[in-house]
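Q: Below is one structure. I have some questions about it.
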Amino acid sequence: MSPDRFRNRFLETIDRGFAREHLVLGVDRDGSPLLLTASSTRDDVIHNIGVALGSSFEIERLDDDALAALIDDAYGAAQDLSSLDHDLALGETTELRISHSESDLLSTSGKNETARFLDAVLFDAIRANASDVHIHPLERDALIRFRIDGVLSDVRTIPRSSSDAVVSRLKVLGSMDTAETRSPQDGRATMTLGRGESRAVDMRISTIPTAQGERAVIRILDTNRGRMLSDLDSVGMPDHIRTVYQRITSRPNGMVLLTGPTGSGKTTTLYATLRRIAQANQDGADRSAGLNIMTVEDPIEYRLSDTGITISQSQVNRKKGMSFASGLRHILRQDPDVVMVGEIRDEETASLAIQAALTGHLVFSTLHTNDAVGAPPRLIDLGCEPYLVSAALTAAMAQRLVRVLHPACNAEGCEDCLGTGFKGRAALFELFALDEAAREMVSQGSSAIALRRHAIARGMRTLRENGMALVSAGITTRAEIERVTVDLSELPLEHPHLPQSGASA
C-alpha cells in the first residue's frame, strides 16, 4: 500500500481551485488519512470531501498562509507538463476565452489544454524565480526558455504547431488582438496564485512576428517579492556603502541617481530605499515623520502600499499623455517631500528632477551610464546646465548583478540550478558621493575620467574592486565579475586597492 494513498486520491479527485478557495488538503500521517483545514473552512465543505473521497479522516487546523503554501507545493509537484505536451501535439484549436477562474494559475476548472499548459509554464517560472519567459519558434518546434539570474536557459521544447495556440492564449490574457499576427503587440495581465491568497503576479507581454512565426516574451513581475525587500540589507548592500548611502538618503533634499543597464537591480534598490524612508516616516523615528512620498514609474514593479507602507505610486501611460516628465510635473503639484522618477531619459525630465531637488525635494531616479561618475556628464549631455547639476546632485550609485555559486552542489551543476552551478544573484555597488571638490569639477564640465580619478583618490571603490571581494569570499567567480564590470586595463589609472594582475582572487 502506498504511504501517500489518501494524499494521491485527494489530489486526483479534488480540483486545485476548490482546494485553494476553501483551504483544504489531504495528507497521510503515520499511515492514517488526515485532512488539513483552516479556521475558515466550512463544515459542509469537509463533509462533501468525505463523500467525494469515500473515506473518513482526522482533521487538523492550520494557519491560512501556511496551508496555502502546502497546497501550492502539493499541486505544483503533481503538475505533469509532459501530458500537456502530448495534448498540444494533437493540434489544439479550441477558441480561447477568459472565464471567471482563468486568471488563477492554480485553477484548472474550465480550461483547455493550451491554457493549462501555459499556466503550468508560468507557475514553474515563478517557482524558479525567472524574470522572463521566452516562447521562441523554430522551423520544426518551439523553445520555452526562462531567464533566471540574468541568463537564458532552455527548459523544454513543444511542437511548432502548438506555439501559435500558446501565443494566442497569451494575447487573450493581455487583451491584445488575436487576429493580428503581422505586427508587434504589447499587453499586460495580472494572474493570481489562488483566490484564497492575495499574491498577484503582473506580466508584461510582448509579441513580434518572425520568419518562423510569432515570438513572445513575458516579463514576470512577482509582487510578492516586494514584501521581502524590507531594507537595504536584503538587497545585499555592503556595510561600508550602506552607511554612507543611508546618510545621504536621509537628507531633506537633493538628487540621488542609480545607474546601470536594464536588469541590474536599480529599481529594486530604490524600492528598498523608499521603504526604509517610509517606515521611518510611519514609526516617527527621525526627521522623516510626516513625509509625502510619491513615484512615477513604468511599470510599477512592486506595489509598496500592499505592505502597509504609506506611499503613492503612479503608472506611466503615454496614450493618455502621462510620460515621466508630465507625471513628475503633476506630482510636484501634490506637495511631495520625496519623489521617485522611474528613469531620466530626456532633457525635460532631467531639468524637472533637478529643479525639484533644488527646491526642497528629495529626488530619486535611474540613469543609463556605465559607472557612477558618468552620471554628471550624462545629465550635462542631456542639456542640463553644469552649475545646476553640481548644485542638485548629491550622489550617484552604479549597480550590477552577478550570479552566486550554488553551494548545495558545490557549483558542479544540478537539477536545482539547471546544471549551471549558480543559483541566485548578488549585487555590486559603486557609490560616488559628491564633495565640494567634485561639485566644482562638475560645474566646470570635467570629464568622467577626471571625476573617476578624483573619486578613487578620495577612497571610492569601483564595481570591479567590490566584485573581487566577492570572489575572494568564494561567493562568485572571476569570470562573473569580468562579465559585468569594466576590464582593469580600460581604467584610465591604476587602482590602488585592486590586486595586481596575476594575483590570486
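Chain identifiers are assigned as A, B, and so on, following the order in which chains appear in the C-alpha cells; residues are numbered from 1 within each chain, and ligands are numbered from 1 in order of appearance.
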Go through segment 237-354 of chain A residue by residue and, counting only C-alpha atoms, keep those with an atom at most 12 Å from segment 150-172 of chain A; for each kept residue give the shortest atom pair and its distance in Å to one decimal, ordered by chain and increasing number, as CSV.

A:
```
residue,atom,partner,partner_atom,distance
A:Pro261,CA,A:Gly150,CA,11.9
A:Thr262,CA,A:Gly150,CA,10.4
A:Gly263,CA,A:Gly150,CA,7.5
A:Ser264,CA,A:Gly150,CA,8.8
A:Gly265,CA,A:Gly150,CA,10.6
```

Q: Any chance you could list, as a PyMOL selection string, the residues in segment 262-473 of chain A that come up alpha helix (DSSP H) when DSSP is run on the backbone?

A: chain A and resi 266-283+324-331+347-358+375-381+386-392+436-443+448-457+463-472

Q: Just to confirm, what's the straight-line distance from atom CA of Val402 of chain A to atom CA of Leu463 of chain A in Å (one decimal)?

A: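 These two atoms are separated by 11.1 Å.
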
Q: List the neighbours of Leu362 of chain A out to 10 Å using only C-alpha atoms; skip same-chain residues closer than 6 positions along the sequence, and give me the result as a PDB file with N, CA, C and O atoms, in the first residue's frame.

A:
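Saved as around-v9.pdb:
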```pdb
ATOM      1  N   THR A 249      20.647  59.490   1.878  1.00  0.00           N
ATOM      2  CA  THR A 249      19.213  59.402   1.602  1.00  0.00           C
ATOM      3  C   THR A 249      18.346  59.825   2.784  1.00  0.00           C
ATOM      4  O   THR A 249      17.119  59.756   2.702  1.00  0.00           O
ATOM      5  N   SER A 250      18.965  60.240   3.864  1.00  0.00           N
ATOM      6  CA  SER A 250      18.210  60.779   4.999  1.00  0.00           C
ATOM      7  C   SER A 250      18.149  62.302   4.959  1.00  0.00           C
ATOM      8  O   SER A 250      17.546  62.924   5.831  1.00  0.00           O
ATOM      9  N   ARG A 251      18.780  62.901   3.961  1.00  0.00           N
ATOM     10  CA  ARG A 251      18.737  64.360   3.835  1.00  0.00           C
ATOM     11  C   ARG A 251      17.365  64.806   3.342  1.00  0.00           C
ATOM     12  O   ARG A 251      16.651  64.060   2.673  1.00  0.00           O
ATOM     13  N   PRO A 252      16.993  66.062   3.613  1.00  0.00           N
ATOM     14  CA  PRO A 252      15.659  66.533   3.217  1.00  0.00           C
ATOM     15  C   PRO A 252      15.531  66.877   1.746  1.00  0.00           C
ATOM     16  O   PRO A 252      14.416  66.994   1.240  1.00  0.00           O
ATOM     17  N   ASN A 253      16.667  67.062   1.038  1.00  0.00           N
ATOM     18  CA  ASN A 253      16.585  67.425  -0.376  1.00  0.00           C
ATOM     19  C   ASN A 253      17.825  66.930  -1.108  1.00  0.00           C
ATOM     20  O   ASN A 253      18.748  66.387  -0.500  1.00  0.00           O
ATOM     21  N   GLY A 254      17.828  67.166  -2.415  1.00  0.00           N
ATOM     22  CA  GLY A 254      18.928  66.712  -3.252  1.00  0.00           C
ATOM     23  C   GLY A 254      18.473  65.620  -4.204  1.00  0.00           C
ATOM     24  O   GLY A 254      17.325  65.157  -4.153  1.00  0.00           O
ATOM     25  N   MET A 255      19.375  65.215  -5.092  1.00  0.00           N
ATOM     26  CA  MET A 255      19.048  64.201  -6.081  1.00  0.00           C
ATOM     27  C   MET A 255      20.030  63.035  -5.969  1.00  0.00           C
ATOM     28  O   MET A 255      21.242  63.239  -5.932  1.00  0.00           O
ATOM     29  N   VAL A 256      19.504  61.827  -5.918  1.00  0.00           N
ATOM     30  CA  VAL A 256      20.300  60.600  -5.857  1.00  0.00           C
ATOM     31  C   VAL A 256      19.945  59.760  -7.075  1.00  0.00           C
ATOM     32  O   VAL A 256      18.766  59.449  -7.299  1.00  0.00           O
ATOM     33  N   ILE A 293       5.429  60.698   0.133  1.00  0.00           N
ATOM     34  CA  ILE A 293       6.317  60.015  -0.807  1.00  0.00           C
ATOM     35  C   ILE A 293       5.509  59.596  -2.025  1.00  0.00           C
ATOM     36  O   ILE A 293       4.486  58.913  -1.906  1.00  0.00           O
ATOM     37  N   PRO A 336       4.776  66.986  -2.599  1.00  0.00           N
ATOM     38  CA  PRO A 336       5.574  65.837  -2.161  1.00  0.00           C
ATOM     39  C   PRO A 336       6.799  66.271  -1.365  1.00  0.00           C
ATOM     40  O   PRO A 336       7.274  67.403  -1.484  1.00  0.00           O
ATOM     41  N   ASP A 337       7.314  65.363  -0.541  1.00  0.00           N
ATOM     42  CA  ASP A 337       8.610  65.544   0.111  1.00  0.00           C
ATOM     43  C   ASP A 337       9.678  64.696  -0.564  1.00  0.00           C
ATOM     44  O   ASP A 337      10.808  65.129  -0.748  1.00  0.00           O
ATOM     45  N   VAL A 338       9.295  63.456  -0.916  1.00  0.00           N
ATOM     46  CA  VAL A 338      10.211  62.529  -1.571  1.00  0.00           C
ATOM     47  C   VAL A 338       9.566  62.072  -2.879  1.00  0.00           C
ATOM     48  O   VAL A 338       8.391  61.706  -2.909  1.00  0.00           O
ATOM     49  N   VAL A 339      10.354  62.105  -3.960  1.00  0.00           N
ATOM     50  CA  VAL A 339       9.856  61.761  -5.290  1.00  0.00           C
ATOM     51  C   VAL A 339      10.789  60.739  -5.927  1.00  0.00           C
ATOM     52  O   VAL A 339      12.014  60.867  -5.833  1.00  0.00           O
ATOM     53  N   MET A 340      10.205  59.716  -6.565  1.00  0.00           N
ATOM     54  CA  MET A 340      10.992  58.799  -7.378  1.00  0.00           C
ATOM     55  C   MET A 340      10.484  58.827  -8.804  1.00  0.00           C
ATOM     56  O   MET A 340       9.284  58.623  -9.048  1.00  0.00           O
ATOM     57  N   ALA A 353      13.622  67.182 -12.632  1.00  0.00           N
ATOM     58  CA  ALA A 353      14.165  66.498 -11.463  1.00  0.00           C
ATOM     59  C   ALA A 353      15.175  67.375 -10.740  1.00  0.00           C
ATOM     60  O   ALA A 353      15.197  67.450  -9.503  1.00  0.00           O
ATOM     61  N   ALA A 356      13.342  70.158  -8.931  1.00  0.00           N
ATOM     62  CA  ALA A 356      12.688  69.640  -7.730  1.00  0.00           C
ATOM     63  C   ALA A 356      13.698  69.471  -6.605  1.00  0.00           C
ATOM     64  O   ALA A 356      13.420  69.794  -5.440  1.00  0.00           O
ATOM     65  N   ALA A 392      22.536  70.301  -7.547  1.00  0.00           N
ATOM     66  CA  ALA A 392      21.419  69.413  -7.224  1.00  0.00           C
ATOM     67  C   ALA A 392      21.850  67.986  -6.882  1.00  0.00           C
ATOM     68  O   ALA A 392      21.283  67.362  -5.984  1.00  0.00           O
ATOM     69  N   THR A 394      23.417  64.925  -5.333  1.00  0.00           N
ATOM     70  CA  THR A 394      24.050  64.562  -4.059  1.00  0.00           C
ATOM     71  C   THR A 394      24.971  63.363  -4.219  1.00  0.00           C
ATOM     72  O   THR A 394      26.081  63.334  -3.700  1.00  0.00           O
TER      73      THR A 394
END
```

Q: Measuring between only C-alpha atoms, which one of A:Gln246, A:Ser443, A:Thr268, A:Thr178 shows the shortest distance to Ser365 of chain A?

A: A:Thr268

Q: As a PyMOL selection string, which residues of segment 229-457 of chain A does DSSP assign to strand (DSSP E)?

A: chain A and resi 254-259+293-297+312-315+338-341+362-367+393-405+422-433

Q: Could you list, as a VMD selection string, every residue within 9 Å of Val471 of chain A, counting only C-alpha atoms and ignoring same-chain residues fewer than 5 positions away?

A: chain A and resid 476 to 478 481 505

Q: Residues at most 7 Å from segment 36-38 of chain A, counting only C-alpha atoms, excluding those fewer than 2 positions away in the same chain, as a PyMOL selection string?

A: chain A and resi 23-26+34+40-41+59-64

Q: Need to verify the contact set: His368 of chain A, 9 Å, only C-alpha atoms, exclusion of same-chain residues closer than 2 positions in sequence. Can you return it as a PyMOL selection string?

A: chain A and resi 258-262+343-345+366+370-371+375+378

Q: Quick one: write out the picked residues with N, CA, C and O atoms as a short mmCIF file (atom, residue, chain, number, x, y, z; two decimals), in the first residue's frame?

A:
```
data_model
loop_
_atom_site.label_atom_id
_atom_site.label_comp_id
_atom_site.auth_asym_id
_atom_site.auth_seq_id
_atom_site.Cartn_x
_atom_site.Cartn_y
_atom_site.Cartn_z
N LEU A 258 20.64 56.23 -9.47
CA LEU A 258 21.20 54.89 -9.61
C LEU A 258 21.44 54.62 -11.08
O LEU A 258 20.55 54.89 -11.91
N THR A 259 22.62 54.13 -11.41
CA THR A 259 22.99 53.93 -12.80
C THR A 259 23.29 52.46 -13.07
O THR A 259 23.62 51.70 -12.17
N GLY A 260 23.18 52.10 -14.33
CA GLY A 260 23.47 50.73 -14.73
C GLY A 260 22.54 50.31 -15.85
O GLY A 260 21.55 50.97 -16.15
N PRO A 261 22.83 49.18 -16.49
CA PRO A 261 22.00 48.69 -17.59
C PRO A 261 20.66 48.15 -17.09
O PRO A 261 20.45 47.95 -15.89
N THR A 262 19.76 47.87 -18.02
CA THR A 262 18.49 47.25 -17.68
C THR A 262 18.73 45.89 -17.02
O THR A 262 19.57 45.12 -17.46
N GLU A 343 12.85 56.73 -14.52
CA GLU A 343 14.03 56.84 -15.37
C GLU A 343 14.13 58.26 -15.92
O GLU A 343 13.12 58.88 -16.28
N ILE A 344 15.35 58.77 -15.99
CA ILE A 344 15.63 60.05 -16.66
C ILE A 344 16.21 59.72 -18.02
O ILE A 344 17.30 59.14 -18.12
N ARG A 345 15.47 60.07 -19.08
CA ARG A 345 15.95 59.73 -20.42
C ARG A 345 15.91 60.91 -21.39
O ARG A 345 16.28 60.77 -22.55
N THR A 366 16.76 56.83 -11.98
CA THR A 366 17.77 55.97 -12.58
C THR A 366 18.26 56.60 -13.88
O THR A 366 17.57 57.41 -14.51
N ASN A 370 27.62 53.84 -17.62
CA ASN A 370 28.45 52.67 -17.33
C ASN A 370 28.89 52.60 -15.88
O ASN A 370 29.11 51.52 -15.35
N ASP A 371 29.06 53.75 -15.25
CA ASP A 371 29.52 53.77 -13.86
C ASP A 371 28.91 54.96 -13.14
O ASP A 371 28.15 55.75 -13.72
N ALA A 375 27.39 59.81 -14.28
CA ALA A 375 26.07 60.44 -14.15
C ALA A 375 26.10 61.94 -14.41
O ALA A 375 25.28 62.44 -15.18
N ARG A 378 26.50 62.76 -18.09
CA ARG A 378 25.31 62.35 -18.84
C ARG A 378 24.20 63.38 -18.70
O ARG A 378 23.52 63.72 -19.68
#
```

Q: Which distance in Å separates atom CA of Leu431 of chain A and atom CA of Arg458 of chain A, to one decimal?

A: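 Atom-to-atom, atom CA of Leu431 of chain A to atom CA of Arg458 of chain A, that is 11.7 Å.
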
Q: Could you list, as a VMD selection string, every residue within 12 Å of Asn410 of chain A, counting only C-alpha atoms and ignoring same-chain residues fewer than 2 positions away?

A: chain A and resid 404 to 408 412 to 414 417 419 to 423 474 to 476

Q: Those same residues - N, CA, C and O atoms - I'd like them written as an mmCIF file, in the first residue's frame.

A:
```cif
data_model
loop_
_atom_site.group_PDB
_atom_site.id
_atom_site.type_symbol
_atom_site.label_atom_id
_atom_site.label_comp_id
_atom_site.auth_asym_id
_atom_site.auth_seq_id
_atom_site.Cartn_x
_atom_site.Cartn_y
_atom_site.Cartn_z
ATOM 1 N N VAL A 404 25.521 33.863 -8.158
ATOM 2 C CA VAL A 404 26.162 33.330 -6.960
ATOM 3 C C VAL A 404 26.340 31.828 -7.120
ATOM 4 O O VAL A 404 25.447 31.127 -7.627
ATOM 5 N N LEU A 405 27.480 31.316 -6.700
ATOM 6 C CA LEU A 405 27.739 29.882 -6.765
ATOM 7 C C LEU A 405 26.718 29.112 -5.927
ATOM 8 O O LEU A 405 26.320 29.566 -4.851
ATOM 9 N N HIS A 406 26.314 27.935 -6.427
ATOM 10 C CA HIS A 406 25.301 27.134 -5.757
ATOM 11 C C HIS A 406 25.992 26.184 -4.780
ATOM 12 O O HIS A 406 26.614 25.185 -5.193
ATOM 13 N N PRO A 407 25.905 26.442 -3.474
ATOM 14 C CA PRO A 407 26.646 25.624 -2.514
ATOM 15 C C PRO A 407 26.108 24.201 -2.383
ATOM 16 O O PRO A 407 26.838 23.284 -2.039
ATOM 17 N N ALA A 408 24.817 24.000 -2.672
ATOM 18 C CA ALA A 408 24.227 22.674 -2.473
ATOM 19 C C ALA A 408 24.875 21.611 -3.354
ATOM 20 O O ALA A 408 24.916 20.431 -2.984
ATOM 21 N N GLU A 412 28.899 22.420 -9.000
ATOM 22 C CA GLU A 412 29.165 21.469 -10.071
ATOM 23 C C GLU A 412 28.005 21.363 -11.052
ATOM 24 O O GLU A 412 28.160 20.809 -12.140
ATOM 25 N N GLY A 413 26.858 21.877 -10.679
ATOM 26 C CA GLY A 413 25.687 21.804 -11.534
ATOM 27 C C GLY A 413 24.758 20.685 -11.117
ATOM 28 O O GLY A 413 25.189 19.545 -10.944
ATOM 29 N N CYS A 414 23.482 21.012 -10.928
ATOM 30 C CA CYS A 414 22.489 20.010 -10.532
ATOM 31 C C CYS A 414 21.138 20.426 -11.108
ATOM 32 O O CYS A 414 21.008 21.461 -11.768
ATOM 33 N N CYS A 417 19.795 23.909 -9.973
ATOM 34 C CA CYS A 417 20.389 25.114 -10.590
ATOM 35 C C CYS A 417 20.468 24.975 -12.104
ATOM 36 O O CYS A 417 21.228 25.704 -12.758
ATOM 37 N N GLY A 419 21.869 22.882 -13.906
ATOM 38 C CA GLY A 419 23.174 22.483 -14.399
ATOM 39 C C GLY A 419 24.175 23.598 -14.546
ATOM 40 O O GLY A 419 25.270 23.385 -15.085
ATOM 41 N N THR A 420 23.863 24.792 -14.056
ATOM 42 C CA THR A 420 24.755 25.946 -14.255
ATOM 43 C C THR A 420 25.822 26.073 -13.180
ATOM 44 O O THR A 420 26.858 26.693 -13.397
ATOM 45 N N GLY A 421 25.556 25.538 -11.990
ATOM 46 C CA GLY A 421 26.476 25.749 -10.869
ATOM 47 C C GLY A 421 26.229 27.052 -10.144
ATOM 48 O O GLY A 421 26.935 27.370 -9.190
ATOM 49 N N PHE A 422 25.234 27.819 -10.599
ATOM 50 C CA PHE A 422 24.894 29.100 -9.969
ATOM 51 C C PHE A 422 23.423 29.074 -9.551
ATOM 52 O O PHE A 422 22.576 28.497 -10.238
ATOM 53 N N LYS A 423 23.118 29.734 -8.443
ATOM 54 C CA LYS A 423 21.717 29.901 -8.034
ATOM 55 C C LYS A 423 21.602 31.183 -7.212
ATOM 56 O O LYS A 423 22.242 31.307 -6.167
ATOM 57 N N GLY A 474 34.564 33.576 -2.007
ATOM 58 C CA GLY A 474 34.024 32.334 -2.548
ATOM 59 C C GLY A 474 32.560 32.411 -2.915
ATOM 60 O O GLY A 474 31.902 31.387 -3.069
ATOM 61 N N ILE A 475 32.036 33.623 -3.099
ATOM 62 C CA ILE A 475 30.612 33.805 -3.402
ATOM 63 C C ILE A 475 30.335 33.672 -4.892
ATOM 64 O O ILE A 475 29.301 33.155 -5.304
ATOM 65 N N THR A 476 31.253 34.143 -5.719
ATOM 66 C CA THR A 476 31.083 34.076 -7.165
ATOM 67 C C THR A 476 32.437 33.836 -7.809
ATOM 68 O O THR A 476 33.418 33.556 -7.110
#
```
